[in-house]
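Trainee: For reference, this is target06.txt, and it has compact mmCIF, C-alpha atoms and all ligand atoms.
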# COMPACT_ATOMS: atom_id res chain seq x y z
CA MET A 216 71.48 46.48 50.16
CA SER A 217 70.85 42.76 50.50
CA HIS A 218 68.27 42.97 47.71
CA MET A 219 70.96 44.40 45.53
CA ARG A 220 73.30 41.56 46.40
CA VAL A 221 70.66 38.98 45.67
CA ALA A 222 69.93 40.67 42.36
CA VAL A 223 73.61 40.78 41.43
CA PHE A 224 74.03 37.16 42.48
CA LEU A 225 71.05 36.05 40.38
CA TYR A 226 72.25 38.08 37.45
CA MET A 227 75.72 36.53 37.62
CA THR A 228 74.26 33.04 37.97
CA ILE A 229 72.03 33.51 34.95
CA PHE A 230 74.95 34.92 32.99
CA LEU A 231 77.18 31.96 33.85
CA LEU A 232 74.43 29.46 33.07
CA SER A 233 73.90 31.14 29.71
CA LEU A 234 77.56 30.49 28.90
CA ILE A 235 77.13 26.81 29.66
CA SER A 236 73.86 26.12 27.96
CA PHE A 237 74.50 27.69 24.54
CA PRO A 238 77.53 25.90 23.16
CA GLY A 239 76.92 27.43 19.73
CA ALA A 240 77.51 30.93 21.04
CA ALA A 241 80.85 32.63 20.42
CA GLY A 242 83.47 31.11 22.65
CA ASN A 243 86.28 32.40 24.75
CA PHE A 244 89.84 31.47 23.83
CA ILE A 245 90.87 31.28 27.50
CA SER A 246 88.40 28.49 28.20
CA ASP A 247 88.23 26.90 24.73
CA VAL A 248 91.80 26.43 23.47
CA ASP A 249 95.28 25.44 24.56
CA ILE A 250 98.40 27.09 23.18
CA LYS A 251 100.49 24.12 22.08
CA TRP A 252 103.39 25.62 20.23
CA GLY A 253 105.50 28.77 20.18
CA ASN A 254 105.11 29.89 23.82
CA GLU A 255 104.75 33.66 23.99
CA ARG A 256 104.35 33.86 20.21
CA ALA A 257 100.71 32.92 20.73
CA LYS A 258 98.79 35.51 22.71
CA ILE A 259 95.26 35.70 24.03
CA SER A 260 93.90 39.16 24.88
CA ASN A 261 90.68 41.20 25.24
CA ALA A 262 89.41 38.91 28.00
CA GLY A 263 89.66 35.86 25.76
CA GLN A 264 88.05 37.41 22.67
CA LEU A 265 91.21 37.78 20.57
CA LEU A 266 94.01 35.34 19.82
CA GLN A 267 97.12 36.17 17.82
CA LEU A 268 99.68 33.77 16.43
CA SER A 269 103.08 34.95 15.34
CA LEU A 270 106.03 33.63 13.41
CA ASP A 271 109.63 34.76 13.64
CA ARG A 272 112.96 33.31 12.55
CA ASP A 273 113.08 30.93 15.51
CA SER A 274 109.57 29.50 15.52
CA GLY A 275 105.96 29.67 14.51
CA SER A 276 103.08 29.10 16.92
CA GLY A 277 99.82 27.24 17.24
CA PHE A 278 96.81 26.35 19.34
CA GLN A 279 94.20 23.60 19.52
CA SER A 280 90.68 23.27 20.88
CA LYS A 281 90.36 21.68 24.29
CA GLN A 282 87.41 19.66 23.09
CA GLU A 283 87.13 16.97 20.45
CA TYR A 284 84.11 16.79 18.17
CA LEU A 285 82.37 14.15 16.15
CA PHE A 286 80.32 16.16 13.65
CA GLY A 287 79.61 19.83 14.02
CA LYS A 288 79.60 23.31 12.63
CA ILE A 289 82.75 25.21 13.47
CA ASP A 290 83.23 28.92 12.75
CA MET A 291 86.29 31.10 13.18
CA GLN A 292 86.98 34.64 12.13
CA ILE A 293 90.55 35.05 10.91
CA LYS A 294 92.53 38.04 9.74
CA LEU A 295 95.56 36.82 7.87
CA VAL A 296 99.12 38.12 8.00
CA PRO A 297 99.07 41.66 6.56
CA GLY A 298 101.54 43.05 4.03
CA ASN A 299 104.24 40.77 2.71
CA SER A 300 103.28 37.33 3.98
CA ALA A 301 105.06 35.38 1.22
CA GLY A 302 106.34 31.99 2.42
CA THR A 303 104.05 31.87 5.46
CA VAL A 304 101.22 29.40 5.87
CA THR A 305 98.32 29.79 8.27
CA ALA A 306 96.70 26.41 8.77
CA TYR A 307 93.21 26.00 10.23
CA TYR A 308 91.93 22.44 10.34
CA LEU A 309 90.09 19.66 12.10
CA SER A 310 92.01 16.46 12.65
CA SER A 311 91.80 13.19 14.50
CA MET A 312 94.89 11.33 15.69
CA GLY A 313 96.96 8.41 14.47
CA PRO A 314 98.08 6.92 11.16
CA THR A 315 94.54 6.41 9.82
CA HIS A 316 93.39 9.85 10.83
CA ASP A 317 90.71 12.02 9.24
CA GLU A 318 91.35 15.66 8.52
CA ILE A 319 89.52 18.68 7.07
CA ASP A 320 91.95 21.43 6.04
CA PHE A 321 92.02 25.10 5.28
CA GLU A 322 95.54 26.41 4.59
CA PHE A 323 96.20 30.01 3.69
CA LEU A 324 99.32 30.49 1.59
CA GLY A 325 100.74 34.00 1.93
CA ASN A 326 102.03 36.26 -0.81
CA VAL A 327 103.96 39.45 -1.38
CA THR A 328 102.06 42.71 -0.82
CA GLY A 329 99.34 43.25 -3.40
CA GLU A 330 99.37 39.66 -4.69
CA PRO A 331 96.66 37.21 -3.71
CA TYR A 332 96.66 34.64 -0.95
CA ILE A 333 95.76 31.10 -2.00
CA LEU A 334 93.25 29.15 0.04
CA HIS A 335 94.32 25.52 -0.15
CA THR A 336 91.86 22.83 1.04
CA ASN A 337 92.13 19.09 1.53
CA VAL A 338 90.21 16.18 3.04
CA TYR A 339 91.88 13.11 4.56
CA THR A 340 89.91 9.98 5.32
CA GLN A 341 91.52 6.97 7.03
CA GLY A 342 94.96 8.56 6.61
CA LYS A 343 94.64 9.25 2.89
CA GLY A 344 94.50 12.79 1.51
CA ASN A 345 95.50 13.89 -2.00
CA ARG A 346 92.18 15.68 -2.44
CA GLU A 347 93.40 19.22 -2.94
CA GLN A 348 91.31 22.11 -4.14
CA GLN A 349 92.70 25.64 -4.26
CA PHE A 350 91.04 29.02 -4.54
CA TYR A 351 91.70 32.72 -4.71
CA LEU A 352 89.36 34.76 -2.54
CA TRP A 353 87.00 37.53 -3.66
CA PHE A 354 88.49 39.91 -1.04
CA ASP A 355 91.88 40.56 0.51
CA PRO A 356 91.93 38.32 3.63
CA ARG A 357 94.68 40.42 5.27
CA THR A 358 92.70 43.63 5.74
CA ASP A 359 89.73 42.33 7.76
CA PHE A 360 88.39 39.41 9.71
CA HIS A 361 86.40 36.93 7.63
CA THR A 362 84.56 33.82 8.77
CA TYR A 363 85.88 30.40 7.75
CA SER A 364 83.60 27.51 8.62
CA VAL A 365 83.34 23.77 8.40
CA LEU A 366 79.98 22.03 8.45
CA TRP A 367 80.57 18.33 9.02
CA ASN A 368 77.63 15.98 9.24
CA PRO A 369 77.13 12.32 8.30
CA GLN A 370 76.26 13.15 4.66
CA GLN A 371 78.85 15.74 3.71
CA ILE A 372 81.53 18.19 4.63
CA LEU A 373 80.95 21.77 3.54
CA PHE A 374 83.67 24.43 3.55
CA TYR A 375 82.37 28.01 3.83
CA VAL A 376 83.92 31.44 3.50
CA ASP A 377 81.70 34.20 4.95
CA GLY A 378 78.73 31.86 4.59
CA THR A 379 79.46 31.08 0.93
CA PRO A 380 80.10 27.38 0.27
CA ILE A 381 83.40 26.91 -1.57
CA ARG A 382 83.71 23.13 -1.40
CA VAL A 383 81.61 20.08 -0.70
CA PHE A 384 82.96 16.62 0.07
CA ARG A 385 80.07 14.17 -0.06
CA ASN A 386 79.84 10.87 1.71
CA ALA A 387 80.81 8.37 -0.99
CA GLU A 388 80.85 5.23 1.12
CA GLY A 389 78.55 3.75 -1.52
CA ALA A 390 81.58 3.94 -3.86
CA ARG A 391 83.85 2.51 -1.13
CA VAL A 392 85.44 5.84 -0.22
CA PRO A 393 85.89 6.00 3.57
CA TYR A 394 84.03 8.89 5.21
CA PRO A 395 85.00 10.58 8.48
CA LYS A 396 82.30 9.41 10.86
CA SER A 397 83.86 7.58 13.79
CA GLN A 398 87.04 9.38 14.85
CA PRO A 399 86.62 12.55 16.91
CA MET A 400 88.52 15.59 15.65
CA ARG A 401 90.04 18.57 17.36
CA LEU A 402 90.40 22.03 15.85
CA TYR A 403 93.98 23.14 15.24
CA SER A 404 95.53 26.31 13.92
CA SER A 405 99.14 27.29 13.37
CA LEU A 406 101.30 29.84 11.60
CA TRP A 407 104.54 28.54 10.19
CA ASN A 408 107.36 28.89 7.68
CA ALA A 409 106.56 27.03 4.47
CA ASP A 410 108.72 28.99 2.06
CA GLU A 411 109.99 25.74 0.57
CA TRP A 412 106.71 25.43 -1.34
CA ALA A 413 103.99 27.89 -0.39
CA THR A 414 104.41 30.95 -2.57
CA ARG A 415 104.71 30.48 -6.31
CA GLY A 416 105.73 26.92 -5.58
CA GLY A 417 108.62 27.96 -3.29
CA LEU A 418 110.15 30.63 -5.54
CA VAL A 419 109.36 33.47 -3.13
CA LYS A 420 111.04 33.21 0.28
CA ILE A 421 110.07 34.79 3.59
CA ASP A 422 111.37 38.33 4.06
CA TRP A 423 112.54 37.99 7.67
CA SER A 424 113.10 41.74 7.94
CA ARG A 425 109.25 41.91 8.15
CA ALA A 426 109.01 39.49 11.10
CA PRO A 427 107.18 38.88 13.33
CA PHE A 428 104.29 37.82 11.07
CA VAL A 429 100.94 37.88 12.85
CA ALA A 430 97.56 36.23 12.15
CA SER A 431 94.55 37.17 14.31
CA TYR A 432 91.53 35.14 15.43
CA ARG A 433 88.20 35.93 17.02
CA GLY A 434 84.64 34.60 17.16
CA PHE A 435 85.40 30.91 17.60
CA ALA A 436 82.06 29.08 17.71
CA ALA A 437 81.67 25.32 17.83
CA ASP A 438 78.09 24.16 17.48
CA ALA A 439 79.22 20.58 17.61
CA CYS A 440 78.75 17.15 19.08
CA VAL A 441 81.33 16.96 21.83
CA TRP A 442 83.31 13.79 22.37
CA SER A 443 83.64 12.58 25.91
CA GLY A 444 84.12 9.17 27.49
CA GLY A 445 84.09 7.37 24.15
CA ARG A 446 80.94 8.89 22.71
CA SER A 447 79.72 12.14 21.25
CA THR A 448 76.76 14.12 22.48
CA CYS A 449 74.79 16.53 20.32
CA SER A 450 72.28 19.06 21.53
CA ALA A 451 68.74 18.93 20.16
CA ALA A 452 69.34 22.39 18.67
CA SER A 453 72.39 21.12 16.76
CA LYS A 454 70.41 18.20 15.45
CA ARG A 455 67.83 20.64 14.15
CA SER A 456 70.21 23.12 12.58
CA TRP A 457 73.12 21.47 10.75
CA TRP A 458 72.83 17.71 11.30
CA ALA A 459 70.80 17.09 8.15
CA GLN A 460 71.82 20.24 6.26
CA SER A 461 72.94 20.00 2.66
CA LEU A 462 73.38 22.58 -0.07
CA ASP A 463 70.14 24.32 -0.95
CA SER A 464 69.69 25.81 -4.42
CA THR A 465 71.13 29.19 -3.39
CA GLY A 466 74.13 27.44 -1.87
CA ALA A 467 74.59 25.36 -5.01
CA GLN A 468 74.55 28.54 -7.11
CA ARG A 469 77.08 30.25 -4.85
CA LEU A 470 79.33 27.19 -5.01
CA LYS A 471 79.14 27.25 -8.78
CA TRP A 472 80.05 30.95 -8.80
CA VAL A 473 83.11 30.29 -6.61
CA ARG A 474 84.25 27.34 -8.70
CA LYS A 475 83.84 29.24 -11.94
CA ASN A 476 85.54 32.45 -10.85
CA TYR A 477 87.96 31.64 -8.02
CA MET A 478 88.99 28.02 -8.21
CA ILE A 479 92.60 27.53 -9.34
CA TYR A 480 93.06 23.81 -8.79
CA ASP A 481 90.81 20.77 -8.42
CA TYR A 482 92.32 17.30 -8.11
CA CYS A 483 89.14 15.99 -9.68
CA HIS A 484 90.09 17.77 -12.92
CA ASP A 485 93.79 16.89 -12.92
CA VAL A 486 94.00 14.43 -15.78
CA LYS A 487 97.81 14.23 -15.65
CA ARG A 488 97.70 13.10 -12.08
CA PHE A 489 94.97 10.52 -12.60
CA PRO A 490 95.54 9.10 -16.09
CA GLN A 491 93.69 5.91 -15.12
CA GLY A 492 90.58 7.82 -14.08
CA PHE A 493 89.57 10.08 -11.23
CA PRO A 494 89.03 8.90 -7.65
CA PRO A 495 85.45 7.61 -7.15
CA GLU A 496 84.30 10.53 -4.98
CA CYS A 497 84.95 12.89 -7.90
CA SER A 498 81.75 11.81 -9.60
CA LEU A 499 79.87 13.24 -6.58
CA SER A 500 81.83 16.51 -6.33
CA ASP A 501 80.61 20.01 -7.30
C1 LIG A 601 101.05 34.98 -5.44
O1 LIG A 601 101.04 35.85 -6.53
C2 LIG A 601 101.40 35.25 -7.77
C3 LIG A 601 101.43 36.35 -8.80
O2 LIG A 601 100.18 37.00 -8.90
C4 LIG A 601 100.37 34.18 -8.12
O3 LIG A 601 100.76 33.52 -9.31
C5 LIG A 601 100.28 33.17 -6.98
O4 LIG A 601 99.23 32.25 -7.23
C6 LIG A 601 99.97 33.92 -5.69
N1 LIG A 601 99.78 33.10 -4.51
C7 LIG A 601 100.66 32.22 -4.03
C8 LIG A 601 100.34 31.62 -2.72
O5 LIG A 601 101.67 31.86 -4.61
Output the file's structure as structure tokens, nothing else.
Mentor:
Amino acid sequence: MSHMRVAVFLYMTIFLLSLISFPGAAGNFISDVDIKWGNERAKISNAGQLLQLSLDRDSGSGFQSKQEYLFGKIDMQIKLVPGNSAGTVTAYYLSSMGPTHDEIDFEFLGNVTGEPYILHTNVYTQGKGNREQQFYLWFDPRTDFHTYSVLWNPQQILFYVDGTPIRVFRNAEGARVPYPKSQPMRLYSSLWNADEWATRGGLVKIDWSRAPFVASYRGFAADACVWSGGRSTCSAASKRSWWAQSLDSTGAQRLKWVRKNYMIYDYCHDVKRFPQGFPPECSLSD
């Protein structure tokens, strides 16, 4: 009997250690995030493997990562609000704090049944955004979980959908564009009412008879440099995998395919908005 106990004890110890020593492995919402908004509208289930946000007439809901990161590769599988999600927005983003904050945004703008979601993206550096790019997706994001990722290293920020790069924001400090490299960011996600603007520019309102609206999350993985005590620490494995990663030729081809077939807006092509010339980072984009 005591052999059994020792074996079980060792097994448990090894299991627990494995959780600690592989930060890139899929996380657990119970230990990795805090529900910050909406009370019981945000629910964690399946022993921490599933998180669901909901929105009703009274409130939306949201969560944030417990940890802050300075550079990293963050993955999340999301299944967006099914059916008629017009007027809802599901935001999934990294952000630092304060008036000169940095931010890397995915926002999913809902639509009526059968019409496409829009994936809206933006990058803020030192408090300044206005760098929108928007896309349709090559699948319906309400029927299944898909993986949405940010790869953020000192040279560039890459946005991925199911491993396909959809956007790159390159470090353009050489052209005096600030780059996010010193403020730690947390991961945030929320589901809220944005029917003032989200669907067909605000023309389509939320159908409250369909509430509550629910978005589902699983597979949160942060292979990232964790901020603590005023500095960030990266594992050697992280440094090997994404720290120096940039688009390879396959990635560049995929990005081109997305931009050609699914992009609906790029601030870097909006002549009306920038009659005096495009922002300097635009010469490094795509
Ligand atoms: C919703 O569907 C309409 C009609 O197909 C489309 O013009 C619009 O871009 C779609 N998405 C959003 C978020 O408005």
Trainee: Residues within 7 Å of ligand LIG 601 (chain A) should be enumerated using only C-alpha atoms and all ligand atoms and returned as a list in words.
Mentor: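 Listed by chain and ascending number, the contacts are Leu324, Gly325, Asn326, Val327, Glu330, Pro331, Tyr332, Ile333, Ala413, Thr414, Arg415 and Gly416 of chain A.
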Trainee: Kindly provide, as a PyMOL selection string, the polymer residues lying within 12 Å of (80.1, 5.8, 1.5), counting all atoms listed in the file and using the coordinates exactly as they appear in the file.
Mentor: chain A and resi 340+369-371+384-396+495-496+499
Trainee: May I have the selected residues written with C-alpha atoms, as a tab-separated table (two decimals), in the frame of the given file?
Mentor:
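The result, stored in part.tsv:
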chain	number	residue	atom	x	y	z
A	340	THR	CA	89.91	9.98	5.32
A	369	PRO	CA	77.13	12.32	8.30
A	370	GLN	CA	76.26	13.15	4.66
A	371	GLN	CA	78.85	15.74	3.71
A	384	PHE	CA	82.96	16.62	0.07
A	385	ARG	CA	80.07	14.17	-0.06
A	386	ASN	CA	79.84	10.87	1.71
A	387	ALA	CA	80.81	8.37	-0.99
A	388	GLU	CA	80.85	5.23	1.12
A	389	GLY	CA	78.55	3.75	-1.52
A	390	ALA	CA	81.58	3.94	-3.86
A	391	ARG	CA	83.85	2.51	-1.13
A	392	VAL	CA	85.44	5.84	-0.22
A	393	PRO	CA	85.89	6.00	3.57
A	394	TYR	CA	84.03	8.89	5.21
A	395	PRO	CA	85.00	10.58	8.48
A	396	LYS	CA	82.30	9.41	10.86
A	495	PRO	CA	85.45	7.61	-7.15
A	496	GLU	CA	84.30	10.53	-4.98
A	499	LEU	CA	79.87	13.24	-6.58
Trainee: Measure the distance from CA of Arg433 in chain A to CA of Gln264 in chain A in Å and round it to one decimal.
Mentor: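 Value for the CA of Arg433 in chain A-CA of Gln264 in chain A distance: 5.8 Å.
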Trainee: Near range 470-484 of chain A, within 6 Å and counting all atoms listed in the file, which residues show up once chain neighbours fewer than 3 positions away are dropped, as a list in words?
Mentor: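 Counting only the stated atoms, we get Arg346, Glu347, Gln348, Gln349, Phe350, Tyr351, Pro380, Ile381, Ala467 and Cys497 of chain A.
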Trainee: Please tell me which residues are no farther than 6 Å from (95.4, 39.5, 3.8) in the file, counting only C-alpha atoms, and write them as an MDAnalysis selection string.
Mentor: chainID A and resid 295:297 355:358
Trainee: Show me, as a list in words, the residues that have an atom within 6 Å of range 426-429 of chain A when counting all atoms listed in the file, minus same-chain residues fewer than 6 positions from it.
Mentor: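 Contacts, with the query itself left out: Leu268, Ser269, Leu270, Asp271 and Val296 of chain A.
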Trainee: Can you work out the spacing between CA of Lys343 in chain A and CA of Val486 in chain A in Å, to one decimal?
Mentor: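 Computed distance, CA of Lys343 in chain A to CA of Val486 in chain A, equals 19.4 Å.
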Trainee: Could you tell me how far CA of Lys288 in chain A lies from CA of Phe321 in chain A, in Å and to one decimal?
Mentor: 14.5 Å
Trainee: Do a neighbour search on Asn243 in chain A at 12 Å with only C-alpha atoms, toss out local chain neighbours closer than 3 positions, and write the hits as a list in words.
Mentor: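 Selected residues are Leu234, Ile235, Pro238, Gly239, Ala240, Ser246, Asp247, Val248, Asp249, Ile259, Ser260, Asn261, Ala262, Gly263, Gln264, Leu265, Leu266, Ser280, Lys281, Met291, Tyr432, Arg433, Gly434, Phe435, Ala436 and Ala437 of chain A.
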Trainee: Could the residues in this selection be written to a file with C-alpha atoms, as a PDB file, in the frame of the given file?
Mentor:
ATOM      1  CA  LEU A 234      77.560  30.490  28.900  1.00  0.00           C
ATOM      2  CA  ILE A 235      77.130  26.810  29.660  1.00  0.00           C
ATOM      3  CA  PRO A 238      77.530  25.900  23.160  1.00  0.00           C
ATOM      4  CA  GLY A 239      76.920  27.430  19.730  1.00  0.00           C
ATOM      5  CA  ALA A 240      77.510  30.930  21.040  1.00  0.00           C
ATOM      6  CA  SER A 246      88.400  28.490  28.200  1.00  0.00           C
ATOM      7  CA  ASP A 247      88.230  26.900  24.730  1.00  0.00           C
ATOM      8  CA  VAL A 248      91.800  26.430  23.470  1.00  0.00           C
ATOM      9  CA  ASP A 249      95.280  25.440  24.560  1.00  0.00           C
ATOM     10  CA  ILE A 259      95.260  35.700  24.030  1.00  0.00           C
ATOM     11  CA  SER A 260      93.900  39.160  24.880  1.00  0.00           C
ATOM     12  CA  ASN A 261      90.680  41.200  25.240  1.00  0.00           C
ATOM     13  CA  ALA A 262      89.410  38.910  28.000  1.00  0.00           C
ATOM     14  CA  GLY A 263      89.660  35.860  25.760  1.00  0.00           C
ATOM     15  CA  GLN A 264      88.050  37.410  22.670  1.00  0.00           C
ATOM     16  CA  LEU A 265      91.210  37.780  20.570  1.00  0.00           C
ATOM     17  CA  LEU A 266      94.010  35.340  19.820  1.00  0.00           C
ATOM     18  CA  SER A 280      90.680  23.270  20.880  1.00  0.00           C
ATOM     19  CA  LYS A 281      90.360  21.680  24.290  1.00  0.00           C
ATOM     20  CA  MET A 291      86.290  31.100  13.180  1.00  0.00           C
ATOM     21  CA  TYR A 432      91.530  35.140  15.430  1.00  0.00           C
ATOM     22  CA  ARG A 433      88.200  35.930  17.020  1.00  0.00           C
ATOM     23  CA  GLY A 434      84.640  34.600  17.160  1.00  0.00           C
ATOM     24  CA  PHE A 435      85.400  30.910  17.600  1.00  0.00           C
ATOM     25  CA  ALA A 436      82.060  29.080  17.710  1.00  0.00           C
ATOM     26  CA  ALA A 437      81.670  25.320  17.830  1.00  0.00           C
TER      27      ALA A 437
END
Trainee: Of the candidates A:Leu462, A:Cys449, A:Ile289, A:Leu402, which shows the shortest atom-to-atom distance to Thr362 in chain A, using all atoms listed in the file?
Mentor: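 Using all atoms listed in the file, Thr362 in chain A sits closest to A:Ile289.
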Trainee: Centre and edge lengths of an axis-aligned box around all listed atoms of range 324-336 of chain A, with 8 Å added on each side, are to be given in Å to one decimal, as JSON.
Mentor:
{"center_x": 97.9, "center_y": 33.0, "center_z": -1.4, "size_x": 28.1, "size_y": 36.4, "size_z": 22.6}
Trainee: Nearest to Trp457 in chain A: which of A:Lys258, A:Ser443, A:Lys487, A:Gly287 is it, counting all atoms listed in the file?
Mentor: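 Nearest to Trp457 in chain A: A:Gly287.
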Trainee: I'd like the neighbourhood of range 302-308 of chain A as a compact mmCIF listing (two decimals) with C-alpha atoms, in the coordinates of the input, where a residue qualifies if any of its atoms comes within 6 Å (using all atoms listed in the file), though same-chain residues fewer than 4 positions away should be ignored.
Mentor:
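The new file around16.txt reads:
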# COMPACT_ATOMS: atom_id res chain seq x y z
CA ILE A 319 89.52 18.68 7.07
CA ASP A 320 91.95 21.43 6.04
CA PHE A 321 92.02 25.10 5.28
CA GLU A 322 95.54 26.41 4.59
CA PHE A 323 96.20 30.01 3.69
CA LEU A 324 99.32 30.49 1.59
CA GLY A 325 100.74 34.00 1.93
CA LEU A 402 90.40 22.03 15.85
CA TYR A 403 93.98 23.14 15.24
CA SER A 404 95.53 26.31 13.92
CA SER A 405 99.14 27.29 13.37
CA LEU A 406 101.30 29.84 11.60
CA TRP A 407 104.54 28.54 10.19
CA ASN A 408 107.36 28.89 7.68
CA ALA A 409 106.56 27.03 4.47
CA ASP A 410 108.72 28.99 2.06
CA ALA A 413 103.99 27.89 -0.39
CA THR A 414 104.41 30.95 -2.57
CA LYS A 420 111.04 33.21 0.28
CA ILE A 421 110.07 34.79 3.59
Trainee: With distances taken over all atoms listed in the file, which of A:Ser453, A:Ser431, A:Gln292, A:Ser310 is nearest to Gly344 in chain A?
Mentor: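 When distances to Gly344 in chain A are compared using all atoms listed in the file, the smallest one comes from A:Ser310.
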Trainee: Between A:Asp422, A:Gln279, A:Ser461, A:Glu255, which is the closest to Thr328 in chain A once you count only C-alpha atoms?
Mentor: A:Asp422
Trainee: Between A:Ser498, A:Asn337, A:Asn345, A:Gln398, which is the closest to Gly313 in chain A once you count only C-alpha atoms?
Mentor: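 With only C-alpha atoms as the atom set, the closest residue is A:Gln398.
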Trainee: Just want the 8 Å neighbourhood of Phe374 in chain A, counted on all atoms listed in the file, with same-chain residues fewer than 2 positions away dropped. Output as a PyMOL selection string.
Mentor: chain A and resi 363-366+372+376+380-383
Trainee: Give me a file of those residues, with C-alpha atoms, as a CSV table (one decimal), keeping the file's coordinate frame.
Mentor:
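Here's the written file out.csv:
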chain,number,residue,atom,x,y,z
A,363,TYR,CA,85.9,30.4,7.8
A,364,SER,CA,83.6,27.5,8.6
A,365,VAL,CA,83.3,23.8,8.4
A,366,LEU,CA,80.0,22.0,8.4
A,372,ILE,CA,81.5,18.2,4.6
A,376,VAL,CA,83.9,31.4,3.5
A,380,PRO,CA,80.1,27.4,0.3
A,381,ILE,CA,83.4,26.9,-1.6
A,382,ARG,CA,83.7,23.1,-1.4
A,383,VAL,CA,81.6,20.1,-0.7
Trainee: Could range 259-273 of chain A be completed with N, CA and C atoms and returned as a PDB file, in the coordinates of the input?
Mentor:
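Generated output (selection-v4.pdb):
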ATOM      1  N   ILE A 259      96.702  35.491  23.887  1.00  0.00           N
ATOM      2  CA  ILE A 259      95.260  35.700  24.030  1.00  0.00           C
ATOM      3  C   ILE A 259      95.057  37.025  24.757  1.00  0.00           C
ATOM      4  N   SER A 260      94.140  37.866  24.229  1.00  0.00           N
ATOM      5  CA  SER A 260      93.900  39.160  24.880  1.00  0.00           C
ATOM      6  C   SER A 260      92.412  39.498  24.834  1.00  0.00           C
ATOM      7  N   ASN A 261      92.079  40.739  25.192  1.00  0.00           N
ATOM      8  CA  ASN A 261      90.680  41.200  25.240  1.00  0.00           C
ATOM      9  C   ASN A 261      89.778  40.209  25.980  1.00  0.00           C
ATOM     10  N   ALA A 262      90.206  39.817  27.172  1.00  0.00           N
ATOM     11  CA  ALA A 262      89.410  38.910  28.000  1.00  0.00           C
ATOM     12  C   ALA A 262      89.001  37.635  27.259  1.00  0.00           C
ATOM     13  N   GLY A 263      89.923  37.132  26.432  1.00  0.00           N
ATOM     14  CA  GLY A 263      89.660  35.860  25.760  1.00  0.00           C
ATOM     15  C   GLY A 263      88.990  36.000  24.403  1.00  0.00           C
ATOM     16  N   GLN A 264      88.767  37.223  23.940  1.00  0.00           N
ATOM     17  CA  GLN A 264      88.050  37.410  22.670  1.00  0.00           C
ATOM     18  C   GLN A 264      88.977  37.456  21.457  1.00  0.00           C
ATOM     19  N   LEU A 265      90.264  37.672  21.687  1.00  0.00           N
ATOM     20  CA  LEU A 265      91.210  37.780  20.570  1.00  0.00           C
ATOM     21  C   LEU A 265      92.389  36.844  20.808  1.00  0.00           C
ATOM     22  N   LEU A 266      92.812  36.167  19.735  1.00  0.00           N
ATOM     23  CA  LEU A 266      94.010  35.340  19.820  1.00  0.00           C
ATOM     24  C   LEU A 266      94.901  35.711  18.646  1.00  0.00           C
ATOM     25  N   GLN A 267      96.195  35.858  18.909  1.00  0.00           N
ATOM     26  CA  GLN A 267      97.120  36.170  17.820  1.00  0.00           C
ATOM     27  C   GLN A 267      98.268  35.181  17.804  1.00  0.00           C
ATOM     28  N   LEU A 268      98.535  34.659  16.616  1.00  0.00           N
ATOM     29  CA  LEU A 268      99.680  33.770  16.430  1.00  0.00           C
ATOM     30  C   LEU A 268     100.759  34.563  15.736  1.00  0.00           C
ATOM     31  N   SER A 269     102.025  34.291  16.086  1.00  0.00           N
ATOM     32  CA  SER A 269     103.080  34.950  15.340  1.00  0.00           C
ATOM     33  C   SER A 269     104.186  33.979  14.958  1.00  0.00           C
ATOM     34  N   LEU A 270     104.932  34.416  13.984  1.00  0.00           N
ATOM     35  CA  LEU A 270     106.030  33.630  13.410  1.00  0.00           C
ATOM     36  C   LEU A 270     107.251  34.523  13.309  1.00  0.00           C
ATOM     37  N   ASP A 271     108.370  34.051  13.856  1.00  0.00           N
ATOM     38  CA  ASP A 271     109.630  34.760  13.640  1.00  0.00           C
ATOM     39  C   ASP A 271     110.671  33.737  13.194  1.00  0.00           C
ATOM     40  N   ARG A 272     111.897  34.174  13.060  1.00  0.00           N
ATOM     41  CA  ARG A 272     112.960  33.310  12.550  1.00  0.00           C
ATOM     42  C   ARG A 272     113.120  32.018  13.350  1.00  0.00           C
ATOM     43  N   ASP A 273     112.829  32.095  14.653  1.00  0.00           N
ATOM     44  CA  ASP A 273     113.080  30.930  15.510  1.00  0.00           C
ATOM     45  C   ASP A 273     111.939  29.930  15.547  1.00  0.00           C
TER      46      ASP A 273
END
